[in-house]
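Have a look at target-v4.txt below; it lists compact mmCIF, C-alpha atoms.
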```txt
# COMPACT_ATOMS: atom_id res chain seq x y z
CA MET A 180 -18.24 24.64 -4.48
CA LYS A 181 -16.35 22.21 -2.27
CA PRO A 182 -14.56 19.48 -4.23
CA ARG A 183 -16.19 16.06 -3.97
CA ALA A 184 -13.98 13.35 -2.47
CA ALA A 185 -14.87 9.64 -2.51
CA ILE A 186 -13.65 7.40 0.31
CA LEU A 187 -13.63 3.76 -0.76
CA LEU A 188 -15.19 1.24 1.60
CA PHE A 189 -14.10 -2.39 1.71
CA PRO A 190 -15.19 -5.01 4.22
CA GLY A 191 -12.64 -4.43 6.99
CA SER A 192 -11.84 -0.77 6.23
CA ASN A 193 -11.67 1.07 9.55
CA CYS A 194 -10.20 4.53 8.93
CA GLU A 195 -12.95 5.80 6.63
CA ARG A 196 -14.68 7.92 9.28
CA ASP A 197 -11.43 9.60 10.28
CA ALA A 198 -10.81 10.33 6.60
CA PHE A 199 -14.35 11.71 6.27
CA TYR A 200 -13.81 13.99 9.26
CA GLY A 201 -10.40 15.15 8.03
CA LEU A 202 -11.75 15.97 4.58
CA GLU A 203 -14.81 17.73 5.97
CA GLN A 204 -12.64 19.87 8.27
CA THR A 205 -10.36 20.90 5.42
CA GLY A 206 -12.94 22.07 2.89
CA PHE A 207 -13.94 18.93 0.99
CA ASP A 208 -17.35 17.40 0.36
CA PRO A 209 -16.67 13.74 1.22
CA CYS A 210 -18.77 10.66 0.49
CA PHE A 211 -18.32 6.91 0.88
CA LEU A 212 -18.13 4.53 -2.05
CA TRP A 213 -18.76 0.78 -1.62
CA HIS A 214 -16.18 -1.51 -3.21
CA LYS A 215 -18.75 -3.20 -5.46
CA GLU A 216 -19.46 0.05 -7.34
CA SER A 217 -17.90 -0.10 -10.75
CA ARG A 218 -18.06 3.60 -11.59
CA LEU A 219 -17.09 6.92 -10.04
CA ASP A 220 -19.43 9.91 -10.22
CA PRO A 221 -18.03 12.42 -12.71
CA GLU A 222 -17.95 15.18 -10.06
CA ILE A 223 -15.47 13.22 -7.92
CA ARG A 224 -12.12 15.04 -7.78
CA LEU A 225 -10.27 12.94 -5.20
CA VAL A 226 -10.32 9.26 -4.23
CA ILE A 227 -9.17 8.16 -0.79
CA VAL A 228 -8.28 4.49 -0.28
CA PRO A 229 -8.48 4.34 3.51
CA GLY A 230 -6.67 2.24 6.09
CA GLY A 231 -7.92 -0.86 7.83
CA PHE A 232 -7.80 -4.59 7.22
CA SER A 233 -9.64 -4.96 3.92
CA PHE A 234 -10.90 -8.55 3.48
CA GLY A 235 -9.20 -9.48 6.74
CA ASP A 236 -5.74 -9.06 5.18
CA TYR A 237 -6.29 -12.53 3.67
CA LEU A 238 -3.60 -13.84 1.29
CA ARG A 239 -1.58 -10.58 1.29
CA CYS A 240 -2.61 -7.18 2.65
CA GLY A 241 -4.63 -5.38 -0.02
CA SER A 242 -4.49 -8.24 -2.55
CA ILE A 243 -8.19 -9.13 -2.48
CA ALA A 244 -9.32 -5.49 -2.40
CA SER A 245 -7.15 -4.70 -5.41
CA HIS A 246 -9.45 -6.95 -7.49
CA SER A 247 -12.68 -5.22 -6.37
CA PRO A 248 -14.86 -3.68 -9.10
CA VAL A 249 -14.28 -0.19 -7.71
CA MET A 250 -10.54 -0.52 -8.29
CA SER A 251 -11.04 -0.80 -12.06
CA ALA A 252 -12.87 2.52 -11.89
CA VAL A 253 -10.09 4.00 -9.73
CA ARG A 254 -7.50 2.81 -12.24
CA LYS A 255 -9.34 4.60 -15.06
CA PHE A 256 -9.73 7.70 -12.87
CA ALA A 257 -5.98 7.70 -12.14
CA ASP A 258 -5.09 7.07 -15.79
CA ASN A 259 -7.01 10.24 -16.62
CA GLY A 260 -5.04 12.24 -14.07
CA GLY A 261 -7.47 11.92 -11.13
CA LEU A 262 -5.97 12.34 -7.66
CA VAL A 263 -5.77 9.17 -5.55
CA LEU A 264 -4.47 8.97 -1.97
CA GLY A 265 -3.93 5.57 -0.37
CA ILE A 266 -3.29 5.51 3.36
CA CYS A 267 -1.83 2.50 5.19
CA ASN A 268 -3.92 -0.47 3.95
CA GLY A 269 -4.89 1.87 1.10
CA PHE A 270 -1.19 2.12 0.17
CA GLN A 271 -1.01 -1.69 0.20
CA ILE A 272 -4.07 -1.87 -2.06
CA LEU A 273 -2.46 0.58 -4.52
CA THR A 274 0.79 -1.42 -4.72
CA GLU A 275 -1.14 -4.68 -5.12
CA SER A 276 -3.21 -3.14 -7.91
CA GLY A 277 -0.09 -1.96 -9.71
CA LEU A 278 -0.98 1.74 -9.45
CA LEU A 279 2.19 2.19 -7.40
CA PRO A 280 5.50 0.30 -7.72
CA GLY A 281 7.02 -2.00 -5.10
CA ALA A 282 5.45 -3.97 -2.27
CA LEU A 283 4.84 -3.68 1.47
CA LEU A 284 6.21 -6.49 3.60
CA ILE A 285 6.03 -7.41 7.27
CA ASN A 286 7.90 -4.95 9.50
CA ARG A 287 11.48 -6.03 10.01
CA THR A 288 10.95 -5.91 13.80
CA LEU A 289 7.95 -8.27 13.51
CA ASN A 290 6.01 -5.83 15.71
CA PHE A 291 2.78 -4.01 14.99
CA ARG A 292 4.08 -0.46 15.25
CA CYS A 293 1.59 2.08 16.58
CA HIS A 294 3.07 5.46 17.51
CA ASP A 295 3.92 8.90 16.11
CA VAL A 296 6.67 9.26 13.53
CA PHE A 297 8.28 12.24 11.80
CA LEU A 298 8.30 12.59 8.03
CA ARG A 299 10.44 14.57 5.67
CA CYS A 300 8.79 15.52 2.41
CA ASP A 301 11.13 14.98 -0.54
CA ASN A 302 9.03 16.62 -3.24
CA THR A 303 6.79 19.59 -2.47
CA SER A 304 5.96 20.27 -6.13
CA THR A 305 2.96 17.92 -6.26
CA PRO A 306 -0.78 18.31 -5.70
CA PHE A 307 -0.41 16.40 -2.40
CA THR A 308 2.50 18.26 -0.90
CA SER A 309 2.60 21.89 -2.11
CA ALA A 310 1.45 23.30 1.27
CA ILE A 311 3.93 21.30 3.36
CA GLY A 312 6.32 23.42 5.37
CA GLY A 313 8.64 21.50 7.68
CA PRO A 314 8.79 17.95 9.01
CA LEU A 315 5.41 16.33 9.67
CA LYS A 316 4.44 14.50 12.84
CA MET A 317 1.92 11.77 12.14
CA PRO A 318 0.85 8.46 13.65
CA ILE A 319 1.53 5.07 12.11
CA ALA A 320 -0.34 1.84 12.93
CA HIS A 321 0.80 -1.11 10.84
CA TYR A 322 2.37 -4.56 10.74
CA GLU A 323 3.16 -4.56 7.01
CA GLY A 324 4.76 -1.21 6.21
CA ASN A 325 8.19 -2.38 5.17
CA TYR A 326 8.35 -0.86 1.68
CA GLN A 327 10.54 -2.84 -0.72
CA VAL A 328 11.47 -2.16 -4.30
CA SER A 329 14.39 -3.31 -6.45
CA GLY A 330 17.52 -1.17 -6.47
CA GLU A 331 17.07 -0.40 -10.14
CA GLU A 332 13.48 0.71 -9.68
CA LEU A 333 14.41 2.77 -6.62
CA ALA A 334 17.05 4.62 -8.65
CA ASP A 335 14.41 5.32 -11.30
CA MET A 336 11.99 6.58 -8.66
CA GLU A 337 14.63 8.84 -7.11
CA ARG A 338 15.49 10.30 -10.51
CA ASN A 339 11.81 10.94 -11.16
CA SER A 340 11.25 12.52 -7.68
CA GLN A 341 8.73 9.81 -6.76
CA ILE A 342 9.75 9.57 -3.11
CA ALA A 343 7.09 11.51 -1.21
CA PHE A 344 8.05 10.93 2.42
CA ARG A 345 10.92 9.43 4.37
CA TYR A 346 11.01 8.72 8.09
CA CYS A 347 13.24 11.16 9.96
CA GLY A 348 13.88 12.68 13.37
CA PRO A 349 11.85 15.63 14.78
CA ASP A 350 14.19 18.10 13.04
CA GLY A 351 13.65 16.57 9.61
CA VAL A 352 17.06 14.91 9.52
CA TYR A 353 17.61 11.14 9.54
CA ALA A 354 17.99 9.86 13.10
CA GLU A 355 19.01 6.40 14.31
CA GLY A 356 15.88 4.33 14.89
CA CYS A 357 13.50 6.70 13.08
CA ASN A 358 12.53 4.05 10.52
CA PRO A 359 9.86 1.93 12.25
CA ASN A 360 9.61 -0.93 9.78
CA GLY A 361 12.87 -1.43 7.87
CA SER A 362 11.61 0.09 4.62
CA THR A 363 14.06 0.61 1.77
CA ALA A 364 15.68 4.07 1.89
CA ASP A 365 13.47 4.95 4.91
CA ILE A 366 10.53 5.36 2.57
CA ALA A 367 7.17 6.19 4.17
CA GLY A 368 5.28 7.26 1.05
CA ILE A 369 5.67 7.31 -2.73
CA PHE A 370 4.10 8.83 -5.84
CA ASN A 371 3.43 7.22 -9.18
CA LYS A 372 5.39 8.61 -12.13
CA GLN A 373 2.73 11.21 -12.95
CA LYS A 374 2.46 12.37 -9.26
CA ASN A 375 -1.34 12.03 -9.19
CA VAL A 376 -1.27 8.90 -7.00
CA LEU A 377 0.22 8.93 -3.50
CA GLY A 378 0.53 5.98 -1.14
CA MET A 379 1.73 6.42 2.44
CA MET A 380 1.86 4.32 5.61
CA PRO A 381 1.40 7.20 8.14
CA HIS A 382 -2.12 8.48 8.77
CA PRO A 383 -2.70 12.16 7.83
CA GLU A 384 -6.40 11.78 8.66
CA ARG A 385 -5.46 11.00 12.28
CA ALA A 386 -3.43 14.21 12.51
CA VAL A 387 -5.99 16.95 11.92
CA GLU A 388 -6.62 18.29 15.46
CA ASN A 389 -4.32 19.46 18.27
CA LEU A 390 -6.35 17.16 20.51
CA LEU A 391 -5.03 14.24 18.44
CA GLY A 392 -1.43 15.33 18.97
CA SER A 393 -0.78 16.88 15.56
CA THR A 394 -2.38 18.87 12.78
CA ALA A 395 0.26 17.96 10.19
CA GLY A 396 -2.24 15.91 8.17
CA ARG A 397 -4.05 19.13 7.32
CA GLU A 398 -1.05 20.20 5.24
CA ILE A 399 -1.70 17.32 2.82
CA PHE A 400 -5.44 18.01 2.58
CA ALA A 401 -4.74 21.74 2.17
CA SER A 402 -2.31 20.97 -0.67
CA LEU A 403 -4.96 18.86 -2.40
CA LEU A 404 -7.62 21.52 -1.93
CA SER A 405 -5.48 24.30 -3.38
CA SER A 406 -4.44 22.12 -6.31
CA LEU A 407 -8.08 21.26 -7.08
CA GLU A 408 -9.18 24.88 -6.71
CA GLN A 409 -6.44 26.01 -9.06
CA SER A 410 -7.32 23.44 -11.69
CA ALA A 411 -11.03 24.33 -11.36
CA ALA A 412 -10.20 28.03 -11.80
CA GLY A 413 -8.07 27.18 -14.81
CA GLY A 414 -10.97 25.27 -16.34
CA MET A 415 -8.92 22.10 -16.43
CA ASN A 416 -11.77 20.02 -15.06
CA MET B 336 -10.07 -33.65 -12.14
CA TYR B 337 -6.58 -32.50 -11.34
CA LEU B 338 -4.89 -31.42 -8.18
CA ALA B 339 -2.45 -28.55 -8.43
CA GLU B 340 -0.15 -27.94 -5.50
CA VAL B 341 1.17 -24.40 -5.42
CA PHE B 342 4.10 -23.08 -3.42
CA VAL B 343 4.54 -19.32 -3.17
CA TYR B 344 7.70 -18.05 -1.58
CA LEU B 345 9.67 -14.81 -1.23
CA ARG B 346 12.38 -14.18 -3.78
CA PRO B 347 15.88 -14.85 -2.47
CA SER B 348 16.67 -11.11 -2.42
CA ILE B 349 13.65 -10.30 -0.22
CA GLN B 350 14.11 -10.25 3.53
CA ASP B 351 11.99 -12.74 5.50
CA PRO B 352 11.90 -11.64 9.16
CA GLN B 353 9.57 -14.50 10.13
CA GLY B 354 11.97 -17.00 8.59
CA VAL B 355 14.83 -15.52 10.62
CA VAL B 356 12.91 -15.83 13.90
CA ILE B 357 11.89 -19.43 13.13
CA GLU B 358 15.48 -20.23 12.18
CA ASN B 359 16.84 -18.75 15.43
CA THR B 360 14.26 -20.67 17.48
CA LEU B 361 15.06 -23.98 15.78
CA LYS B 362 18.74 -23.36 16.46
CA LYS B 363 17.95 -22.66 20.11
CA LEU B 364 16.12 -25.99 20.18
CA GLY B 365 19.39 -27.66 19.30
CA PHE B 366 19.01 -28.29 15.56
CA SER B 367 22.64 -27.54 14.83
CA SER B 368 22.49 -28.81 11.23
CA LEU B 369 20.02 -26.06 10.27
CA ASP B 370 21.46 -23.50 7.93
CA ARG B 371 18.55 -21.29 6.88
CA VAL B 372 14.74 -21.02 7.01
CA ARG B 373 12.60 -19.28 4.40
CA THR B 374 8.82 -19.15 4.82
CA GLY B 375 6.15 -19.36 2.16
CA LYS B 376 2.56 -20.33 1.38
CA TYR B 377 1.05 -23.59 0.15
CA PHE B 378 -2.22 -23.94 -1.82
CA GLN B 379 -4.14 -26.99 -3.04
CA LEU B 380 -6.23 -26.27 -6.12
CA SER B 381 -8.79 -28.79 -7.40
CA LEU B 382 -9.25 -28.17 -11.11
CA SER B 383 -11.69 -29.45 -13.71
CA SER B 384 -9.36 -28.52 -16.58
CA ALA B 385 -9.47 -30.71 -19.72
CA SER B 386 -5.88 -31.93 -19.49
CA GLU B 387 -2.88 -31.89 -17.20
CA ASP B 388 -1.19 -29.23 -19.33
CA GLU B 389 -4.26 -27.04 -19.22
CA ALA B 390 -4.51 -27.52 -15.44
CA ARG B 391 -0.92 -26.36 -15.12
CA ARG B 392 -1.55 -23.31 -17.32
CA ASP B 393 -4.69 -22.43 -15.32
CA ALA B 394 -2.86 -22.76 -12.00
CA GLU B 395 0.08 -20.69 -13.24
CA LYS B 396 -2.26 -17.92 -14.39
CA MET B 397 -3.93 -17.97 -10.96
CA CYS B 398 -0.49 -17.57 -9.41
CA ARG B 399 0.33 -14.58 -11.58
CA ASP B 400 -3.08 -12.91 -11.19
CA LEU B 401 -3.69 -13.38 -7.47
CA LEU B 402 -1.90 -16.09 -5.49
CA SER B 403 1.53 -14.48 -5.70
CA ASN B 404 2.80 -10.92 -5.86
CA THR B 405 5.40 -11.19 -8.59
CA VAL B 406 7.16 -8.06 -7.28
CA ILE B 407 8.39 -9.98 -4.25
CA GLU B 408 7.44 -13.64 -4.71
CA ASP B 409 8.14 -16.64 -6.93
CA PHE B 410 5.90 -19.68 -7.28
CA ARG B 411 6.11 -23.34 -8.18
CA VAL B 412 3.23 -25.48 -9.44
CA SER B 413 3.00 -29.26 -9.53
CA VAL B 414 -0.03 -30.96 -11.09
CA ARG B 415 -1.31 -34.54 -10.92
CA PRO B 416 -4.61 -36.28 -11.59
CA ALA B 417 -6.82 -36.10 -8.50
CA SER B 418 -7.27 -39.53 -6.94
```

Taking this structure as input, can you express it in the form of structure tokens?
Amino acid sequence: MKPRAAILLFPGSNCERDAFYGLEQTGFDPCFLWHKESRLDPEIRLVIVPGGFSFGDYLRCGSIASHSPVMSAVRKFADNGGLVLGICNGFQILTESGLLPGALLINRTLNFRCHDVFLRCDNTSTPFTSAIGGPLKMPIAHYEGNYQVSGEELADMERNSQIAFRYCGPDGVYAEGCNPNGSTADIAGIFNKQKNVLGMMPHPERAVENLLGSTAGREIFASLLSSLEQSAAGGMN
Amino acid sequence: MYLAEVFVYLRPSIQDPQGVVIENTLKKLGFSSLDRVRTGKYFQLSLSSASEDEARRDAEKMCRDLLSNTVIEDFRVSVRPAS
């Protein structure tokens, strides 16, 4: 049976259909979940917090959405080890809700950056990244992707292998100008301590077909699928 | 009724690219005395709290829960009876 994946829907979400397509193409059984729902179906194995401009980015990106009823359910789900992937605005929602450390500020260049980037995966021993081979080419599209966290907390995160992705050149090595937003330590994505929550600014769901310029996003969905299949086989669900 | 005025601003250690651009523009306009610009947000809250102290506590809790992101921002609250 294909694992059920819920894609949260807020007013102003706009990447949910891409996420649906990406999940469908990679062996999941996706569904949408409106932000006013206060519970998750027990068969849900993965929650996607998609990109967009939830609540018009009012106050701070993701701040209003982080107080939606569905986020209390997502918090419980994550506390019990459930897998949560926040993409772009979804990453902002996860930092605002405290599920991930740090904050996302306006890009240092003050530009909305919308182009492909390359990512180096720093930890391939997680449910999100086990199938990742080399550097990943993926699009970004954001104005507030400048990840900031205190030096102390960053050191903690590094020790705990919580850095998921860093911007890099095409060969996977840091290259001048590869960081599009000024983020601390060239961070593009991070895990929580337990590695069951991932937030990232680049869009894996927009990189699932050669026609789109890259299929690198499939490596993340494939990792998730194999992790869920393994835990199902092991009777852990 | 009380009026709480709330200022939310980035912590000194947090970069403020908008502030830098505004600062540079003001300098270009000839304001040579300008040293630095930091941006922030301003809120007016009308409160029906029972006392001025309670109004302040309510406003401060609103700042912590929603109006500011305490990871990157500080806030300041001033309260007075609404005229």

TODO: Compute the set of chain B residues within 8 Å of chain A, using all atoms listed in the file, and express it as JSON, numbers by chain.
DONE: {"B": [352, 353, 401, 402, 404, 406, 407]}

Selected residues written out with C-alpha atoms, as a compact mmCIF listing (two decimals), in the coordinates of the input:
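So selection25.txt came out as:
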```
# COMPACT_ATOMS: atom_id res chain seq x y z
CA PRO B 352 11.90 -11.64 9.16
CA GLN B 353 9.57 -14.50 10.13
CA LEU B 401 -3.69 -13.38 -7.47
CA LEU B 402 -1.90 -16.09 -5.49
CA ASN B 404 2.80 -10.92 -5.86
CA VAL B 406 7.16 -8.06 -7.28
CA ILE B 407 8.39 -9.98 -4.25
```

TODO: Work out how far CA of Met336 in chain A is from CA of Ala401 in chain A, in Å to one decimal.
DONE: 25.0 Å

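Selecting by distance to (-2.4, -27.9, -8.7) with a limit of 7 Å and using only C-alpha atoms, one obtains Tyr337, Leu338, Ala339, Glu340, Val341, Gln379, Leu380, Ser381, Arg391, Ala394, Val412, Ser413 and Val414 of chain B.
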
File of the preceding selection, C-alpha atoms, as an mmCIF file, in the frame of the given file:
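Everything below was put into selection05.cif:
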```cif
data_model
loop_
_atom_site.group_PDB
_atom_site.id
_atom_site.type_symbol
_atom_site.label_atom_id
_atom_site.label_comp_id
_atom_site.auth_asym_id
_atom_site.auth_seq_id
_atom_site.Cartn_x
_atom_site.Cartn_y
_atom_site.Cartn_z
ATOM 1 C CA TYR B 337 -6.580 -32.500 -11.340
ATOM 2 C CA LEU B 338 -4.890 -31.420 -8.180
ATOM 3 C CA ALA B 339 -2.450 -28.550 -8.430
ATOM 4 C CA GLU B 340 -0.150 -27.940 -5.500
ATOM 5 C CA VAL B 341 1.170 -24.400 -5.420
ATOM 6 C CA GLN B 379 -4.140 -26.990 -3.040
ATOM 7 C CA LEU B 380 -6.230 -26.270 -6.120
ATOM 8 C CA SER B 381 -8.790 -28.790 -7.400
ATOM 9 C CA ARG B 391 -0.920 -26.360 -15.120
ATOM 10 C CA ALA B 394 -2.860 -22.760 -12.000
ATOM 11 C CA VAL B 412 3.230 -25.480 -9.440
ATOM 12 C CA SER B 413 3.000 -29.260 -9.530
ATOM 13 C CA VAL B 414 -0.030 -30.960 -11.090
#
```

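Distance-wise, CA of Ala244 in chain A and CA of Leu188 in chain A end up 9.8 Å apart.
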
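Taking CA of Arg415 in chain B and CA of Asp388 in chain B as the two end points, the separation is 9.9 Å.
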
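Nearest residue to Cys210 in chain A among A:Gly260, A:Gly348, A:Gly230, A:Pro182 is A:Pro182, counting all atoms listed in the file.
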
TODO: Tell me which protein, DNA and RNA residues are within 6 Å of range 390-396 of chain A, counting all atoms listed in the file, leaving out same-chain ones fewer than 6 positions away, and put them as a ChimeraX atom specification.
DONE: /A:315,383-384

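Distances here use all atoms listed in the file; by that measure, the residue among B:Glu408, B:Ser383, B:Leu361, B:Ala417 closest to Pro347 in chain B is B:Glu408.
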